[in-house]
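Structure file entry-v9.pdb (PDB, C-alpha atoms) is printed below.
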```pdb
MODEL        1
ATOM      1  CA  GLY A  42      33.421  74.509 -38.551
ATOM      2  CA  VAL A  43      35.723  75.783 -41.308
ATOM      3  CA  GLY A  44      36.720  72.261 -42.445
ATOM      4  CA  LYS A  45      40.011  71.485 -40.665
ATOM      5  CA  THR A  46      39.137  67.886 -39.824
ATOM      6  CA  ALA A  47      37.652  67.224 -43.279
ATOM      7  CA  LEU A  48      40.831  68.571 -44.894
ATOM      8  CA  VAL A  49      43.043  66.324 -42.744
ATOM      9  CA  ILE A  50      40.911  63.289 -43.675
ATOM     10  CA  LYS A  51      41.463  64.121 -47.364
ATOM     11  CA  LEU A  52      45.192  64.518 -46.679
ATOM     12  CA  MET A  53      45.306  61.134 -44.949
ATOM     13  CA  GLN A  54      43.630  59.474 -47.921
ATOM     14  CA  ARG A  55      46.187  60.983 -50.292
ATOM     15  CA  VAL A  56      49.351  60.216 -48.325
ATOM     16  CA  GLN A  57      48.537  56.985 -46.500
ATOM     17  CA  GLU A  58      50.727  54.929 -48.848
ATOM     18  CA  GLN A  59      53.760  56.969 -47.740
ATOM     19  CA  PHE A  60      53.390  55.867 -44.098
ATOM     20  CA  ASP A  61      53.623  52.587 -42.224
ATOM     21  CA  GLY A  62      50.562  53.591 -40.235
ATOM     22  CA  ILE A  63      48.286  56.449 -39.219
ATOM     23  CA  ILE A  64      47.243  57.221 -35.649
ATOM     24  CA  TRP A  65      44.352  59.616 -35.025
ATOM     25  CA  LEU A  66      44.062  61.111 -31.529
ATOM     26  CA  SER A  67      41.345  63.511 -30.399
ATOM     27  CA  LEU A  68      42.034  66.254 -27.876
ATOM     28  CA  ARG A  69      38.315  67.112 -27.741
ATOM     29  CA  ASN A  70      38.054  66.273 -24.023
ATOM     30  CA  ALA A  71      41.403  67.935 -23.211
ATOM     31  CA  PRO A  72      43.237  64.811 -21.995
ATOM     32  CA  PRO A  73      46.302  65.321 -19.799
ATOM     33  CA  LEU A  74      49.455  64.841 -21.867
ATOM     34  CA  GLU A  75      50.328  61.533 -20.191
ATOM     35  CA  THR A  76      46.900  60.145 -21.162
ATOM     36  CA  LEU A  77      47.410  61.270 -24.772
ATOM     37  CA  VAL A  78      50.913  59.753 -24.970
ATOM     38  CA  THR A  79      49.615  56.488 -23.448
ATOM     39  CA  GLU A  80      46.854  56.375 -26.094
ATOM     40  CA  CYS A  81      49.393  57.037 -28.815
ATOM     41  CA  LEU A  82      51.768  54.316 -27.612
ATOM     42  CA  SER A  83      48.916  51.826 -27.288
ATOM     43  CA  ALA A  84      47.900  52.484 -30.911
ATOM     44  CA  PHE A  85      51.218  51.383 -32.395
ATOM     45  CA  PRO A  86      50.858  47.969 -34.074
ATOM     46  CA  GLY A  87      52.468  45.138 -32.161
ATOM     47  CA  GLN A  88      52.707  47.165 -28.942
ATOM     48  CA  GLN A  89      52.329  44.443 -26.310
ATOM     49  CA  GLU A  90      54.972  45.132 -23.698
ATOM     50  CA  PRO A  91      53.766  46.913 -20.546
ATOM     51  CA  LEU A  92      54.145  50.667 -20.862
ATOM     52  CA  PRO A  93      56.630  52.356 -18.557
ATOM     53  CA  GLN A  94      55.408  54.452 -15.661
ATOM     54  CA  GLY A  95      55.726  58.226 -15.788
ATOM     55  CA  LEU A  96      55.410  60.771 -18.571
ATOM     56  CA  GLU A  97      59.146  61.168 -19.206
ATOM     57  CA  ARG A  98      59.699  57.454 -19.824
ATOM     58  CA  LYS A  99      56.627  57.258 -22.029
ATOM     59  CA  LEU A 100      57.859  60.196 -24.117
ATOM     60  CA  THR A 101      61.256  58.506 -24.522
ATOM     61  CA  LEU A 102      59.521  55.341 -25.750
ATOM     62  CA  LEU A 103      57.284  57.357 -28.097
ATOM     63  CA  MET A 104      60.279  59.081 -29.665
ATOM     64  CA  ARG A 105      61.868  55.664 -30.202
ATOM     65  CA  TYR A 106      58.718  54.397 -31.961
ATOM     66  CA  LEU A 107      58.589  57.530 -34.134
ATOM     67  CA  SER A 108      62.096  56.749 -35.367
ATOM     68  CA  MET A 109      61.624  53.013 -35.905
ATOM     69  CA  ALA A 110      58.979  53.435 -38.625
ATOM     70  CA  ARG A 111      57.210  56.215 -40.517
ATOM     71  CA  TYR A 112      53.906  57.155 -38.910
ATOM     72  CA  LEU A 113      51.455  59.974 -39.439
ATOM     73  CA  ILE A 114      50.065  61.124 -36.100
ATOM     74  CA  VAL A 115      47.013  63.406 -36.185
ATOM     75  CA  LEU A 116      46.127  65.455 -33.108
ATOM     76  CA  ASP A 117      42.611  66.796 -33.687
ATOM     77  CA  ASN A 118      40.994  69.677 -31.749
ATOM     78  CA  GLY A 119      44.241  71.091 -30.363
ATOM     79  CA  GLU A 120      42.468  74.277 -29.207
ATOM     80  CA  THR A 121      40.966  72.439 -26.217
ATOM     81  CA  VAL A 122      44.245  72.659 -24.289
ATOM     82  CA  LEU A 123      44.772  76.345 -25.151
ATOM     83  CA  GLN A 124      43.543  79.519 -23.445
ATOM     84  CA  ALA A 125      41.069  80.476 -26.144
ATOM     85  CA  GLY A 126      40.088  84.113 -26.389
ATOM     86  CA  LYS A 127      42.199  85.380 -23.496
ATOM     87  CA  GLU A 128      43.789  88.681 -24.469
ATOM     88  CA  GLY A 129      47.546  88.425 -24.735
ATOM     89  CA  ARG A 130      47.410  84.677 -24.055
ATOM     90  CA  ALA A 131      46.522  83.403 -27.521
ATOM     91  CA  GLY A 132      48.301  80.148 -28.231
ATOM     92  CA  HIS A 133      49.248  79.585 -24.584
ATOM     93  CA  TYR A 134      48.157  76.566 -22.613
ATOM     94  CA  LEU A 135      45.485  76.163 -19.980
ATOM     95  CA  ALA A 136      46.773  75.782 -16.430
ATOM     96  CA  GLY A 137      48.014  72.220 -16.013
ATOM     97  CA  TYR A 138      48.555  71.690 -19.745
ATOM     98  CA  GLU A 139      51.866  73.493 -20.156
ATOM     99  CA  ASP A 140      53.631  70.168 -20.772
ATOM    100  CA  TYR A 141      51.971  70.105 -24.223
ATOM    101  CA  GLY A 142      54.352  72.920 -25.181
ATOM    102  CA  PHE A 143      57.338  70.806 -24.140
ATOM    103  CA  PHE A 144      55.869  67.861 -26.067
ATOM    104  CA  LEU A 145      55.419  69.866 -29.279
ATOM    105  CA  ARG A 146      58.912  71.326 -28.947
ATOM    106  CA  GLN A 147      60.370  67.825 -28.553
ATOM    107  CA  ILE A 148      58.440  66.569 -31.598
ATOM    108  CA  GLY A 149      59.535  69.576 -33.669
ATOM    109  CA  GLU A 150      63.198  69.623 -32.662
ATOM    110  CA  THR A 151      64.043  65.918 -32.393
ATOM    111  CA  SER A 152      65.056  63.909 -35.439
ATOM    112  CA  HIS A 153      62.596  61.131 -36.289
ATOM    113  CA  THR A 154      60.979  59.647 -39.397
ATOM    114  CA  SER A 155      57.322  60.338 -38.557
ATOM    115  CA  SER A 156      55.004  63.302 -39.178
ATOM    116  CA  PHE A 157      52.493  65.114 -36.983
ATOM    117  CA  VAL A 158      49.442  67.103 -38.046
ATOM    118  CA  ILE A 159      47.644  69.232 -35.470
ATOM    119  CA  THR A 160      44.252  70.813 -36.113
ATOM    120  CA  SER A 161      43.347  73.774 -33.941
ATOM    121  CA  ARG A 162      41.223  76.912 -34.020
ATOM    122  CA  GLU A 163      44.251  78.791 -32.779
ATOM    123  CA  LYS A 164      47.943  78.229 -33.271
ATOM    124  CA  PRO A 165      50.007  77.054 -30.285
ATOM    125  CA  ALA A 166      52.628  79.739 -29.594
ATOM    126  CA  ILE A 167      55.451  77.181 -29.658
ATOM    127  CA  LEU A 168      54.814  76.509 -33.367
ATOM    128  CA  SER A 169      55.677  80.119 -34.228
ATOM    129  CA  LEU A 170      59.070  79.568 -32.576
ATOM    130  CA  LEU A 171      59.666  76.277 -34.383
ATOM    131  CA  GLU A 172      58.658  77.419 -37.870
ATOM    132  CA  GLY A 173      61.188  78.728 -40.351
ATOM    133  CA  LYS A 174      62.437  78.454 -43.916
ATOM    134  CA  ARG A 175      64.828  75.663 -42.962
ATOM    135  CA  SER A 176      62.534  74.049 -40.415
ATOM    136  CA  LEU A 177      60.282  71.063 -41.052
ATOM    137  CA  VAL A 178      57.548  72.689 -38.946
ATOM    138  CA  ARG A 179      54.856  74.461 -40.959
ATOM    139  CA  SER A 180      51.428  75.944 -40.297
ATOM    140  CA  PHE A 181      48.558  76.515 -42.675
ATOM    141  CA  SER A 182      45.623  78.798 -41.907
ATOM    142  CA  LEU A 183      42.244  78.007 -43.404
ATOM    143  CA  ARG A 184      40.299  81.035 -44.525
ATOM    144  CA  GLY A 185      36.536  81.150 -44.683
ATOM    145  CA  LEU A 186      34.543  80.946 -47.893
ATOM    146  CA  GLU A 187      34.906  83.717 -50.452
ATOM    147  CA  ASN A 188      31.673  85.584 -51.259
ATOM    148  CA  HIS A 189      31.131  83.712 -54.538
ATOM    149  CA  ASP A 190      31.567  80.280 -52.929
ATOM    150  CA  SER A 191      29.508  81.339 -49.938
ATOM    151  CA  GLN A 192      26.630  82.395 -52.189
ATOM    152  CA  LYS A 193      26.607  79.027 -53.977
ATOM    153  CA  PHE A 194      26.768  77.257 -50.606
ATOM    154  CA  LEU A 195      23.878  79.312 -49.169
ATOM    155  CA  GLN A 196      21.709  78.863 -52.254
ATOM    156  CA  LYS A 197      21.857  75.118 -51.620
ATOM    157  CA  GLN A 198      20.501  75.817 -48.121
ATOM    158  CA  ASP A 199      17.300  77.332 -49.609
ATOM    159  CA  VAL A 200      17.923  80.926 -48.557
ATOM    160  CA  ILE A 201      17.557  83.859 -50.943
ATOM    161  CA  GLY A 202      18.785  87.422 -51.238
ATOM    162  CA  SER A 203      20.697  89.889 -53.337
ATOM    163  CA  GLU A 204      24.441  89.582 -53.934
ATOM    164  CA  TYR A 205      24.854  92.242 -51.247
ATOM    165  CA  ASP A 206      22.786  90.163 -48.786
ATOM    166  CA  TYR A 207      24.852  87.044 -49.444
ATOM    167  CA  ALA A 208      28.092  89.005 -49.058
ATOM    168  CA  ALA A 209      26.913  90.699 -45.839
ATOM    169  CA  LEU A 210      25.912  87.361 -44.322
ATOM    170  CA  ASN A 211      29.207  85.806 -45.354
ATOM    171  CA  GLN A 212      31.173  88.683 -43.836
ATOM    172  CA  HIS A 213      29.173  88.507 -40.602
ATOM    173  CA  TYR A 214      30.186  84.861 -40.141
ATOM    174  CA  ALA A 215      33.724  85.276 -41.552
ATOM    175  CA  GLY A 216      32.958  82.719 -44.250
ATOM    176  CA  ASN A 217      32.732  79.888 -41.705
ATOM    177  CA  PRO A 218      30.748  77.107 -43.442
ATOM    178  CA  LEU A 219      29.344  75.612 -40.230
ATOM    179  CA  ALA A 220      28.219  79.006 -38.886
ATOM    180  CA  LEU A 221      26.666  79.842 -42.266
ATOM    181  CA  GLN A 222      24.847  76.519 -42.369
ATOM    182  CA  LEU A 223      23.421  77.097 -38.879
ATOM    183  CA  ALA A 224      22.406  80.656 -39.793
ATOM    184  CA  ALA A 225      20.777  79.394 -42.997
ATOM    185  CA  GLY A 226      18.660  77.017 -40.939
ATOM    186  CA  VAL A 227      17.420  79.911 -38.794
ATOM    187  CA  ILE A 228      16.830  82.100 -41.867
ATOM    188  CA  HIS A 229      14.881  79.308 -43.550
ATOM    189  CA  ASP A 230      12.757  78.421 -40.523
ATOM    190  CA  LEU A 231      12.101  81.862 -39.000
ATOM    191  CA  PHE A 232      12.452  84.287 -41.908
ATOM    192  CA  GLY A 233      11.017  82.312 -44.825
ATOM    193  CA  GLY A 234      14.503  82.011 -46.318
ATOM    194  CA  ASP A 235      14.876  85.801 -46.662
ATOM    195  CA  ILE A 236      18.452  86.822 -45.811
ATOM    196  CA  ALA A 237      17.620  90.566 -45.845
ATOM    197  CA  ALA A 238      14.902  90.058 -43.204
ATOM    198  CA  PHE A 239      17.365  88.160 -41.035
ATOM    199  CA  LEU A 240      20.021  90.859 -41.431
ATOM    200  CA  ARG A 241      17.568  93.550 -40.338
ATOM    201  CA  THR A 242      17.053  91.921 -36.920
TER     202      THR A 242
ENDMDL
END
```
Kindly present the structure from the file in structure tokens form.
Amino acid sequence: GVGKTALVIKLMQRVQEQFDGIIWLSLRNAPPLETLVTECLSAFPGQQEPLPQGLERKLTLLMRYLSMARYLIVLDNGETVLQAGKEGRAGHYLAGYEDYGFFLRQIGETSHTSSFVITSREKPAILSLLEGKRSLVRSFSLRGLENHDSQKFLQKQDVIGSEYDYAALNQHYAGNPLALQLAAGVIHDLFGGDIAAFLRT
């Protein structure tokens, strides 16, 4: 709800001329890695030959495709294969999805001409290992709205309050635009748009 997907769409629009093609893959339903790689291979233009059997062979073919032309591959909703909220396990994979770590390592360490963008509510642990000043792997954290921007956003949602009320509401939802929009709906419908009344409950 903080705008990761919207930001990637803007990025795609800006850089599409630099790539031979763009492939968008959703991890929303937590597909097994082999399913994801099969989808990716099937999306390459001109891909007509039967795909090989087995994950390892498919990964070898994918790496070949990534080197033959310059593609931008977007993996959206990466958090669905991670152990969200488990203490000490942040960024680690759900049982049965550990091969995603191997996949990301291979993408990050193997020479090819393509680029990957992954959106996720939490950062896969492997990316921390792959990042570095001389590495091509980077991560970017989106922060929530600042109080000033949050206030302007909330005013458009027909809710009212003092600067303190706007700031308190923004802090409560960590500046997350989607959470603020949902809260504004509740404030509007149940509290007559009064943020202070909502905060008192």
* To do: List the residues sitting within 10 Å of (29.1, 86.9, -47.1) in the file's frame, using only C-alpha atoms, as number ranges by chain.
  => A: 185-192, 195, 204-217, 221
* Enumerate, as a VMD selection string, the residues matched when the PyMOL selection byres ((chain A and resi 160) around 12) is run on the file above. => chain A and resid 42 to 50 65 to 69 114 to 122 157 to 159 161 to 165 180 to 183
Let's have the selection written as a short mmCIF file (atom, residue, chain, number, x, y, z; two decimals), in the coordinates of the input, with C-alpha atoms.
```
data_model
loop_
_atom_site.label_atom_id
_atom_site.label_comp_id
_atom_site.auth_asym_id
_atom_site.auth_seq_id
_atom_site.Cartn_x
_atom_site.Cartn_y
_atom_site.Cartn_z
CA GLY A 42 33.42 74.51 -38.55
CA VAL A 43 35.72 75.78 -41.31
CA GLY A 44 36.72 72.26 -42.44
CA LYS A 45 40.01 71.48 -40.66
CA THR A 46 39.14 67.89 -39.82
CA ALA A 47 37.65 67.22 -43.28
CA LEU A 48 40.83 68.57 -44.89
CA VAL A 49 43.04 66.32 -42.74
CA ILE A 50 40.91 63.29 -43.68
CA TRP A 65 44.35 59.62 -35.02
CA LEU A 66 44.06 61.11 -31.53
CA SER A 67 41.34 63.51 -30.40
CA LEU A 68 42.03 66.25 -27.88
CA ARG A 69 38.32 67.11 -27.74
CA ILE A 114 50.06 61.12 -36.10
CA VAL A 115 47.01 63.41 -36.18
CA LEU A 116 46.13 65.46 -33.11
CA ASP A 117 42.61 66.80 -33.69
CA ASN A 118 40.99 69.68 -31.75
CA GLY A 119 44.24 71.09 -30.36
CA GLU A 120 42.47 74.28 -29.21
CA THR A 121 40.97 72.44 -26.22
CA VAL A 122 44.24 72.66 -24.29
CA PHE A 157 52.49 65.11 -36.98
CA VAL A 158 49.44 67.10 -38.05
CA ILE A 159 47.64 69.23 -35.47
CA SER A 161 43.35 73.77 -33.94
CA ARG A 162 41.22 76.91 -34.02
CA GLU A 163 44.25 78.79 -32.78
CA LYS A 164 47.94 78.23 -33.27
CA PRO A 165 50.01 77.05 -30.28
CA SER A 180 51.43 75.94 -40.30
CA PHE A 181 48.56 76.52 -42.68
CA SER A 182 45.62 78.80 -41.91
CA LEU A 183 42.24 78.01 -43.40
#
```
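For the structure in this document, the set picked by the PyMOL selection byres ((chain A and resi 169) around 12) is Ala131, Gly132, His133, Gly142, Leu145, Arg146, Gly149, Glu163, Lys164, Pro165, Ala166, Ile167, Leu168, Leu170, Leu171, Glu172, Gly173, Lys174, Ser176, Val178, Arg179, Ser180 and Phe181 of chain A.
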* To do: Record the distance separating atom CA of Leu123 of chain A and atom CA of Leu135 of chain A, expressed in Å with one decimal.
  =>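 Spanning atom CA of Leu123 of chain A to atom CA of Leu135 of chain A is a straight-line distance of 5.2 Å.
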* Asked: So how far away is atom CA of Leu96 of chain A from atom CA of Glu75 of chain A, in Å?
  -> 5.4 Å
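When atom CA of Leu92 of chain A is paired with atom CA of Gly137 of chain A, their separation reads 22.9 Å.
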Write out as a PDB file with C-alpha atoms, keeping the file's coordinate frame the residues lying within 10 Å of segment 222-229 of chain A, counting all atoms listed in the file and excluding same-chain residues fewer than 5 positions away.
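So the final result, stored in result.pdb, reads:
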```
ATOM      1  CA  GLY A  42      33.421  74.509 -38.551  1.00  0.00           C
ATOM      2  CA  PHE A 194      26.768  77.257 -50.606  1.00  0.00           C
ATOM      3  CA  LEU A 195      23.878  79.312 -49.169  1.00  0.00           C
ATOM      4  CA  GLN A 196      21.709  78.863 -52.254  1.00  0.00           C
ATOM      5  CA  LYS A 197      21.857  75.118 -51.620  1.00  0.00           C
ATOM      6  CA  GLN A 198      20.501  75.817 -48.121  1.00  0.00           C
ATOM      7  CA  ASP A 199      17.300  77.332 -49.609  1.00  0.00           C
ATOM      8  CA  VAL A 200      17.923  80.926 -48.557  1.00  0.00           C
ATOM      9  CA  ILE A 201      17.557  83.859 -50.943  1.00  0.00           C
ATOM     10  CA  LEU A 210      25.912  87.361 -44.322  1.00  0.00           C
ATOM     11  CA  TYR A 214      30.186  84.861 -40.141  1.00  0.00           C
ATOM     12  CA  ASN A 217      32.732  79.888 -41.705  1.00  0.00           C
ATOM     13  CA  GLY A 234      14.503  82.011 -46.318  1.00  0.00           C
ATOM     14  CA  ASP A 235      14.876  85.801 -46.662  1.00  0.00           C
ATOM     15  CA  ILE A 236      18.452  86.822 -45.811  1.00  0.00           C
ATOM     16  CA  ALA A 237      17.620  90.566 -45.845  1.00  0.00           C
ATOM     17  CA  ALA A 238      14.902  90.058 -43.204  1.00  0.00           C
ATOM     18  CA  PHE A 239      17.365  88.160 -41.035  1.00  0.00           C
ATOM     19  CA  LEU A 240      20.021  90.859 -41.431  1.00  0.00           C
TER      20      LEU A 240
END
```
* To do: Enumerate, as JSON, numbers by chain, the residues matched when the PyMOL selection byres ((chain A and resi 104-107) around 9) is run on the file above.
  => {"A": [82, 85, 99, 100, 101, 102, 103, 108, 109, 110, 111, 112, 147, 148, 151, 152, 153, 154, 155, 156]}
* To do: Have a look at A:Met53, A:Leu177, A:Val78, A:Ala136 and name the one nearest to Glu150 of chain A; count only C-alpha atoms.
  => A:Leu177
* Asked: For Leu113 of chain A, which residue out of A:Thr76, A:Gln57, A:Ser83, A:Asn70 is the nearest one, using only C-alpha atoms?
  ->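 Distance minimum relative to Leu113 of chain A lands on A:Gln57.
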